[in-house]
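Take a look at the structure set out below.
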Amino acid sequence: MALMLKNARLIDPQIGLDEVADILIRDGKIVEVGHDLTMEKGVERDLSGKIVTPGLVDMHVHFRDPGQEQKEDIASGSRAAAHGGFTAVCTMPNTSPVVDDAVAVEYVKARAAAVGKCRVVVAGACSKDLKGEVLSDMGDMYAHGAPVFTDDGHGIQDAGMMRRVMDYANQFDTVIMAHCQDDSLVADGQVNEGVASTRLGMVGWPAEGEELEIARDIALCRLTGCPLHIQHITTKRGLDLVAAAKAEGLPVTCEVTPHHMFLTEDAITAEYQTALKVNPPLRTAEDAAALIEGLANGTIDAIVTDHAPHTDWEKDREFELAPFGMTGLETSLSLVLTHLVRAGVIDYGRMIQAMAVAPREILRQEPVKIEAGSVADLTVIDPEAAWTVEVGDFYSKANNSGFVGAELTGRATDVYVGGYATMEDGKIVE
Ligand SMILES: NC(=O)N[C@@H](CC(=O)O)C(=O)O
Ligand SMILES: [Zn+2]
Ligand SMILES: [Zn+2]
């Protein structure tokens, strides 16, 4: 079947494309990009006033499937992804059981193929059961289609173990993605250590608890040569470490979440909003400003959501007892459009680089370009759509967004995966 997308502004920084034109899609691929295209038979969509980008990718999500489907599952999580404008995600392995062997990788792939509304790239665990003690079957998982590995949710505490992980991973073309957290410093930390922990009377989660492990992992990257990706970076000094590693030519990349850029420790008040309890914690305004600067200047490679769904009953309790994490798939693009692109901090090209191009590169996926021959994974954006974040609008099972009530401008309206619409006019296509 042929599909024609007409009159949208097509933006693809990979090929220097930014113009109003048409896209002709057939058999899941772009066959022509040009002006006043025609076709004999097929579906035509007029996208005047809209923007089309290479399909967005969120390389850090938690779909809780298998084992915690009350929070989210692959069906609901992938719908939330499509609703947020994403054509692909990378799922973290901290499920129950943990994705630490080939059977678990095959399960996630099979569920995604059966009920998914986006492509699902499966990240395998580095260590058995995420305990940081015994190597997982990375080679077997890799052979079964898990291209990247992480113990997300945990820092690998033992430096020698992290070295073995990197030495092992170095046998194939992959990257170790690191959740940097030194437990001996973080212990029962709840919020950023400093003003927030003092003001709220809670145990602090110091910046150093993250930065020391970033420094260690960069040193191990230098030692082993294994590519390293720092997950959800949150501090100015952590970013300085990554910038220095990049300047040195080390294979180091990093990612940032919207909540660490657009929220700070100051947002947590005497209401003790558990939606704002995240790992790593919301940091200072100075850190958030540094993250935005790092995204703009390219020190930060990718924007991710770290979509971490939890049930209402888990979050509706004392701050210390609530789990860490907030959702993000259905607000990320609009937050970036509102606070960064409309605000003139970054342009569309930089946004697409961080939300589509770099994630595919880091995940070792084929690039998607708005040109003939490319697979037709595309995101359509209405840059003027004004909306207010309300939990009732989420396709996610979870409501633990830190942005409920936010007034945003710009959102995805249509999403195509392999030429098929997963979302049309803001609604998931079933
Ligand atoms: N980020 C979080 O606060 N929580 C994540 C774990 C993680 O990403 O480290 C989760 O799985 O809930
Ligand atoms: Zn993490
Ligand atoms: Zn995570």
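So you can find residues: chains in the structure tokens are A, B, ... in the order shown, residues in each start at 1, and ligands are numbered from 1 in order.
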
Excluding Asp100 of chain A and any residue of its chain fewer than 4 positions from it, enumerate the residues within 7 Å of it, using only C-alpha atoms, and give them as a list in words.
Ala104, Gly124, Ala125, Lys128, Asp129, Ser136 and Asp137 of chain A

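Omitting segment 294-311 of chain A and its sequence neighbours fewer than 5 positions away, and counting only C-alpha atoms, the residues within 7 Å are Asp58, Met59, His60, Val61, His62, Gln70, Lys71, Glu72, Ala243, Thr253, Cys254, Glu255, Val256, Thr257, Pro258, Gly325, Met326, Thr327, Gly328, Leu329, Ser332, Val345, Ile346, Ala354, Met355, Ala358, Pro359, Ala398 and Asn400 of chain A.
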
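Across A:Leu337, A:Ala372, A:Ile233, A:Leu276, the tightest approach to ligand 2 is made by A:Ile233 when counting only C-alpha atoms and all ligand atoms.
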
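Computed from the coordinates, the atom CA of Gly85 of chain A to atom CA of Ala412 of chain A distance equals 5.0 Å.
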
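With only C-alpha atoms and all ligand atoms as the basis for measurement, A:Val278 is the residue among A:Val415, A:Ala376, A:Val278, A:Val389 that approaches ligand 2 most closely.
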
**OP:** Can you tell me which residues come within 7 Å of ligand 2 when counting only C-alpha atoms and all ligand atoms, ideally as number ranges by chain?
**Re:** A: 152-154, 179, 231-232, 279

Check segment 32-185 of chain A with DSSP on the backbone and list each residue it calls strand (DSSP E or B), as a ChimeraX atom specification.
/A:32-34,43-46,51-54,56-61,86-91,119-124,127,135,148-150,176-178

I need the residues from that last selection saved to file as a CSV table (one decimal), in the first residue's frame (with N, CA and C atoms), if you can.
chain,number,residue,atom,x,y,z
A,32,GLU,N,10.2,8.2,-2.3
A,32,GLU,CA,10.5,9.5,-2.9
A,32,GLU,C,10.2,10.7,-1.9
A,33,VAL,N,11.0,11.7,-2.0
A,33,VAL,CA,10.8,12.9,-1.3
A,33,VAL,C,10.9,14.0,-2.3
A,34,GLY,N,9.9,14.9,-2.4
A,34,GLY,CA,9.9,15.9,-3.4
A,34,GLY,C,8.7,16.8,-3.4
A,43,VAL,N,-3.2,6.1,0.2
A,43,VAL,CA,-3.8,7.0,1.2
A,43,VAL,C,-3.0,8.3,1.2
A,44,GLU,N,-3.7,9.4,1.2
A,44,GLU,CA,-3.0,10.7,1.2
A,44,GLU,C,-3.3,11.4,2.4
A,45,ARG,N,-2.3,12.0,3.1
A,45,ARG,CA,-2.6,12.8,4.3
A,45,ARG,C,-2.0,14.2,4.1
A,46,ASP,N,-2.9,15.2,4.3
A,46,ASP,CA,-2.4,16.6,4.2
A,46,ASP,C,-1.9,17.0,5.5
A,51,ILE,N,5.2,19.4,11.2
A,51,ILE,CA,6.6,19.1,11.0
A,51,ILE,C,6.8,17.6,11.0
A,52,VAL,N,7.6,17.1,10.1
A,52,VAL,CA,7.9,15.6,10.1
A,52,VAL,C,9.4,15.4,10.3
A,53,THR,N,9.7,14.6,11.3
A,53,THR,CA,11.1,14.3,11.7
A,53,THR,C,11.3,12.8,11.5
A,54,PRO,N,12.6,12.4,11.5
A,54,PRO,CA,12.9,10.9,11.6
A,54,PRO,C,12.3,10.5,12.9
A,56,LEU,N,11.2,9.5,16.4
A,56,LEU,CA,11.9,9.7,17.7
A,56,LEU,C,12.1,8.4,18.4
A,57,VAL,N,13.2,8.3,19.2
A,57,VAL,CA,13.6,7.1,19.9
A,57,VAL,C,13.9,7.5,21.4
A,58,ASP,N,13.2,6.8,22.3
A,58,ASP,CA,13.5,7.0,23.7
A,58,ASP,C,14.3,5.8,24.2
A,59,MET,N,15.6,6.0,24.4
A,59,MET,CA,16.5,4.9,24.7
A,59,MET,C,16.6,4.5,26.2
A,60,HIS,N,15.6,5.0,27.0
A,60,HIS,CA,15.6,4.6,28.4
A,60,HIS,C,14.2,4.6,28.9
A,61,VAL,N,13.6,3.4,28.9
A,61,VAL,CA,12.2,3.3,29.5
A,61,VAL,C,12.1,2.0,30.3
A,86,PHE,N,7.0,8.7,19.9
A,86,PHE,CA,8.2,7.8,19.7
A,86,PHE,C,7.9,6.6,18.8
A,87,THR,N,8.8,6.3,17.9
A,87,THR,CA,8.7,5.1,17.0
A,87,THR,C,9.4,3.9,17.6
A,88,ALA,N,10.3,4.2,18.6
A,88,ALA,CA,11.1,3.1,19.2
A,88,ALA,C,11.5,3.5,20.6
A,89,VAL,N,11.7,2.4,21.4
A,89,VAL,CA,12.2,2.6,22.8
A,89,VAL,C,13.2,1.6,23.1
A,90,CYS,N,14.0,1.8,24.1
A,90,CYS,CA,14.9,0.7,24.6
A,90,CYS,C,14.4,0.4,26.0
A,91,THR,N,14.0,-0.8,26.3
A,91,THR,CA,13.5,-1.2,27.6
A,91,THR,C,14.7,-1.7,28.5
A,119,ARG,N,8.7,0.1,18.0
A,119,ARG,CA,9.8,-0.9,18.0
A,119,ARG,C,10.4,-0.9,19.4
A,120,VAL,N,10.8,-2.1,19.8
A,120,VAL,CA,11.3,-2.3,21.2
A,120,VAL,C,12.7,-2.9,21.1
A,121,VAL,N,13.7,-2.1,21.5
A,121,VAL,CA,15.1,-2.5,21.6
A,121,VAL,C,15.3,-3.0,23.0
A,122,VAL,N,15.8,-4.2,23.2
A,122,VAL,CA,15.9,-4.8,24.5
A,122,VAL,C,17.3,-4.6,25.1
A,123,ALA,N,17.4,-4.0,26.2
A,123,ALA,CA,18.7,-3.9,26.9
A,123,ALA,C,18.8,-5.1,27.9
A,124,GLY,N,19.9,-5.8,27.8
A,124,GLY,CA,20.1,-6.9,28.8
A,124,GLY,C,20.9,-6.4,30.0
A,127,SER,N,24.8,-7.9,34.9
A,127,SER,CA,25.1,-8.9,36.0
A,127,SER,C,23.8,-9.7,36.2
A,135,LEU,N,28.7,-12.2,36.2
A,135,LEU,CA,28.4,-11.7,34.8
A,135,LEU,C,27.1,-12.4,34.3
A,148,VAL,N,22.5,-3.9,23.6
A,148,VAL,CA,23.2,-3.0,24.7
A,148,VAL,C,22.9,-3.6,26.0
A,149,PHE,N,23.7,-3.2,27.0
A,149,PHE,CA,23.6,-3.8,28.4
A,149,PHE,C,23.7,-2.7,29.4
A,150,THR,N,23.0,-3.0,30.5
A,150,THR,CA,23.0,-2.1,31.7
A,150,THR,C,22.5,-2.8,32.9
A,176,ILE,N,28.2,-0.3,27.1
A,176,ILE,CA,27.7,-0.5,28.5
A,176,ILE,C,27.1,0.8,29.0
A,177,MET,N,25.8,0.7,29.4
A,177,MET,CA,25.1,1.9,29.8
A,177,MET,C,25.1,1.8,31.4
A,178,ALA,N,25.6,2.9,32.0
A,178,ALA,CA,25.8,2.9,33.4
A,178,ALA,C,24.9,3.8,34.2

Exercise for the section: Enumerate, as a ChimeraX atom specification, the complete set of residues in segment 70-186 of chain A that a backbone-based DSSP assignment places in helix (DSSP H, G or I). Expected result: /A:74-83,102-115,128-130,138-143,159-169,183-186

Take the residues from that selection and put them in a file with N, CA and C atoms, as a short mmCIF file (atom, residue, chain, number, x, y, z; two decimals), in the first residue's frame.
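That gives us result_13.cif:
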data_model
loop_
_atom_site.label_atom_id
_atom_site.label_comp_id
_atom_site.auth_asym_id
_atom_site.auth_seq_id
_atom_site.Cartn_x
_atom_site.Cartn_y
_atom_site.Cartn_z
N ILE A 74 3.98 -4.10 28.18
CA ILE A 74 4.50 -3.71 26.87
C ILE A 74 3.40 -3.10 26.01
N ALA A 75 2.16 -3.57 26.18
CA ALA A 75 1.04 -3.00 25.42
C ALA A 75 0.82 -1.54 25.83
N SER A 76 0.68 -1.30 27.12
CA SER A 76 0.39 0.08 27.57
C SER A 76 1.61 0.98 27.40
N GLY A 77 2.78 0.47 27.72
CA GLY A 77 3.98 1.29 27.60
C GLY A 77 4.26 1.71 26.16
N SER A 78 4.06 0.78 25.24
CA SER A 78 4.33 1.12 23.84
C SER A 78 3.27 2.07 23.29
N ARG A 79 2.04 2.00 23.83
CA ARG A 79 1.02 2.98 23.44
C ARG A 79 1.39 4.37 23.96
N ALA A 80 1.88 4.40 25.20
CA ALA A 80 2.34 5.68 25.76
C ALA A 80 3.48 6.24 24.90
N ALA A 81 4.35 5.34 24.44
CA ALA A 81 5.47 5.79 23.60
C ALA A 81 4.97 6.40 22.29
N ALA A 82 4.06 5.69 21.64
CA ALA A 82 3.52 6.21 20.38
C ALA A 82 2.79 7.52 20.61
N HIS A 83 2.03 7.59 21.70
CA HIS A 83 1.29 8.82 22.04
C HIS A 83 2.25 9.99 22.25
N ALA A 102 18.95 -15.11 27.55
CA ALA A 102 18.37 -15.04 26.21
C ALA A 102 16.86 -15.30 26.22
N VAL A 103 16.39 -16.14 27.14
CA VAL A 103 14.95 -16.44 27.20
C VAL A 103 14.17 -15.17 27.50
N ALA A 104 14.66 -14.39 28.43
CA ALA A 104 13.98 -13.15 28.79
C ALA A 104 14.01 -12.15 27.63
N VAL A 105 15.14 -12.10 26.92
CA VAL A 105 15.22 -11.22 25.75
C VAL A 105 14.17 -11.63 24.72
N GLU A 106 14.06 -12.93 24.49
CA GLU A 106 13.08 -13.43 23.52
C GLU A 106 11.65 -13.13 23.97
N TYR A 107 11.40 -13.20 25.27
CA TYR A 107 10.06 -12.88 25.77
C TYR A 107 9.69 -11.44 25.43
N VAL A 108 10.58 -10.51 25.76
CA VAL A 108 10.26 -9.09 25.52
C VAL A 108 10.08 -8.84 24.02
N LYS A 109 10.94 -9.44 23.22
CA LYS A 109 10.82 -9.27 21.76
C LYS A 109 9.49 -9.82 21.26
N ALA A 110 9.11 -10.99 21.76
CA ALA A 110 7.88 -11.62 21.30
C ALA A 110 6.65 -10.80 21.71
N ARG A 111 6.64 -10.33 22.96
CA ARG A 111 5.50 -9.50 23.41
C ARG A 111 5.42 -8.21 22.58
N ALA A 112 6.58 -7.62 22.35
CA ALA A 112 6.59 -6.36 21.59
C ALA A 112 6.06 -6.61 20.18
N ALA A 113 6.45 -7.73 19.59
CA ALA A 113 5.98 -8.03 18.24
C ALA A 113 4.48 -8.29 18.24
N ALA A 114 3.98 -8.91 19.33
CA ALA A 114 2.56 -9.29 19.38
C ALA A 114 1.65 -8.10 19.73
N VAL A 115 2.05 -7.29 20.69
CA VAL A 115 1.13 -6.25 21.19
C VAL A 115 1.71 -4.84 21.15
N LYS A 128 24.01 -10.95 36.70
CA LYS A 128 22.89 -11.82 37.05
C LYS A 128 22.03 -11.14 38.10
N ASP A 129 20.74 -11.02 37.80
CA ASP A 129 19.78 -10.46 38.74
C ASP A 129 20.15 -9.04 39.20
N LEU A 130 20.96 -8.36 38.42
CA LEU A 130 21.37 -6.97 38.72
C LEU A 130 22.09 -6.88 40.07
N MET A 138 25.83 -12.16 28.61
CA MET A 138 25.76 -11.06 27.63
C MET A 138 25.92 -11.56 26.19
N GLY A 139 26.86 -12.49 25.99
CA GLY A 139 27.09 -12.97 24.63
C GLY A 139 25.86 -13.65 24.05
N ASP A 140 25.20 -14.47 24.88
CA ASP A 140 24.00 -15.17 24.44
C ASP A 140 22.86 -14.17 24.18
N MET A 141 22.72 -13.21 25.07
CA MET A 141 21.67 -12.20 24.88
C MET A 141 21.93 -11.39 23.61
N TYR A 142 23.20 -11.06 23.40
CA TYR A 142 23.58 -10.31 22.19
C TYR A 142 23.19 -11.10 20.94
N ALA A 143 23.49 -12.40 20.98
CA ALA A 143 23.16 -13.25 19.83
C ALA A 143 21.65 -13.32 19.61
N ALA A 159 34.54 -2.10 41.38
CA ALA A 159 35.25 -1.61 40.18
C ALA A 159 35.78 -2.78 39.35
N GLY A 160 36.26 -3.83 40.02
CA GLY A 160 36.79 -4.99 39.29
C GLY A 160 35.69 -5.68 38.50
N MET A 161 34.51 -5.73 39.08
CA MET A 161 33.36 -6.32 38.37
C MET A 161 33.01 -5.48 37.15
N MET A 162 32.99 -4.17 37.32
CA MET A 162 32.68 -3.29 36.18
C MET A 162 33.72 -3.48 35.08
N ARG A 163 34.97 -3.66 35.49
CA ARG A 163 36.01 -3.90 34.49
C ARG A 163 35.74 -5.20 33.73
N ARG A 164 35.34 -6.25 34.44
CA ARG A 164 35.06 -7.53 33.77
C ARG A 164 33.87 -7.39 32.82
N VAL A 165 32.86 -6.65 33.25
CA VAL A 165 31.70 -6.39 32.38
C VAL A 165 32.18 -5.75 31.09
N MET A 166 33.04 -4.75 31.22
CA MET A 166 33.49 -4.00 30.03
C MET A 166 34.42 -4.86 29.16
N ASP A 167 35.28 -5.64 29.80
CA ASP A 167 36.16 -6.53 29.02
C ASP A 167 35.34 -7.54 28.23
N TYR A 168 34.33 -8.10 28.87
CA TYR A 168 33.46 -9.09 28.21
C TYR A 168 32.71 -8.41 27.05
N ALA A 169 32.10 -7.26 27.35
CA ALA A 169 31.29 -6.58 26.34
C ALA A 169 32.12 -6.16 25.14
N ASP A 183 26.71 3.21 46.31
CA ASP A 183 25.81 2.94 47.43
C ASP A 183 26.39 3.37 48.77
N SER A 184 27.73 3.35 48.89
CA SER A 184 28.31 3.70 50.18
C SER A 184 28.10 5.18 50.50
N LEU A 185 27.83 5.98 49.47
CA LEU A 185 27.55 7.40 49.70
C LEU A 185 26.05 7.70 49.66
N VAL A 186 25.32 6.89 48.91
CA VAL A 186 23.90 7.21 48.69
C VAL A 186 23.02 6.58 49.77
#

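The protein and nucleic acid residues lying at most 12 Å from Thr269 of chain A are Val191, Val195, Ala196, Ser197, Thr198, Arg199, Leu200, Gly201, Thr264, Glu265, Asp266, Tyr272, Gln273, Thr274, Ala275, Leu276, Lys277 and Phe319 of chain A, with only C-alpha atoms considered and sequence neighbours fewer than 3 positions away removed.
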
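For the choices A:Asp188, A:Ile15, A:Thr284, A:Gly84, the atom-to-atom distance to Asp393 of chain A is smallest for A:Gly84 when using only C-alpha atoms.
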
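Comparing the minimum interatomic distances between ligand 1 and each of A:Asp65, A:Glu293, A:Asp158, A:Glu211, counting only C-alpha atoms and all ligand atoms, we find that A:Asp65 sits nearest.
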
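Shortest separation to ligand 3 among A:Cys180, A:Leu5, A:Ala290, A:Met423 occurs at residue A:Cys180, atoms counted being only C-alpha atoms and all ligand atoms.
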
Nearest to Val380 of chain A, restricted to only C-alpha atoms and choosing among A:Leu47, A:Met261, A:Leu228, A:Met39, comes out as A:Leu47

Near His35 of chain A, counting only C-alpha atoms, which residues have an atom at most 9 Å away, once you skip same-chain residues fewer than 2 positions from it, shown as an NGL selection string? :A and (6-7 or 20-23 or 33 or 37)

Requested write-out: N, CA and C atoms of the selected residues, as a PDB file, in the first residue's frame:
ATOM      1  N   LYS A   6       1.701  14.828   2.636  1.00  0.00           N
ATOM      2  CA  LYS A   6       1.841  16.025   1.805  1.00  0.00           C
ATOM      3  C   LYS A   6       1.998  17.296   2.629  1.00  0.00           C
ATOM      4  N   ASN A   7       2.834  18.169   2.123  1.00  0.00           N
ATOM      5  CA  ASN A   7       2.904  19.573   2.557  1.00  0.00           C
ATOM      6  C   ASN A   7       3.407  19.807   3.975  1.00  0.00           C
ATOM      7  N   VAL A  20       9.461  22.445   3.030  1.00  0.00           N
ATOM      8  CA  VAL A  20       8.113  21.911   2.878  1.00  0.00           C
ATOM      9  C   VAL A  20       8.093  21.058   1.614  1.00  0.00           C
ATOM     10  N   ALA A  21       7.734  19.786   1.780  1.00  0.00           N
ATOM     11  CA  ALA A  21       7.724  18.874   0.629  1.00  0.00           C
ATOM     12  C   ALA A  21       6.840  17.668   0.952  1.00  0.00           C
ATOM     13  N   ASP A  22       6.778  16.727   0.028  1.00  0.00           N
ATOM     14  CA  ASP A  22       5.943  15.532   0.178  1.00  0.00           C
ATOM     15  C   ASP A  22       6.830  14.299   0.354  1.00  0.00           C
ATOM     16  N   ILE A  23       6.252  13.302   1.024  1.00  0.00           N
ATOM     17  CA  ILE A  23       6.952  12.012   1.184  1.00  0.00           C
ATOM     18  C   ILE A  23       6.052  10.913   0.643  1.00  0.00           C
ATOM     19  N   VAL A  33      11.032  11.676  -1.995  1.00  0.00           N
ATOM     20  CA  VAL A  33      10.805  12.913  -1.255  1.00  0.00           C
ATOM     21  C   VAL A  33      10.916  14.030  -2.274  1.00  0.00           C
ATOM     22  N   LEU A  37       4.382  15.686  -5.441  1.00  0.00           N
ATOM     23  CA  LEU A  37       4.403  14.266  -5.809  1.00  0.00           C
ATOM     24  C   LEU A  37       2.978  13.773  -6.041  1.00  0.00           C
TER      25      LEU A  37
END
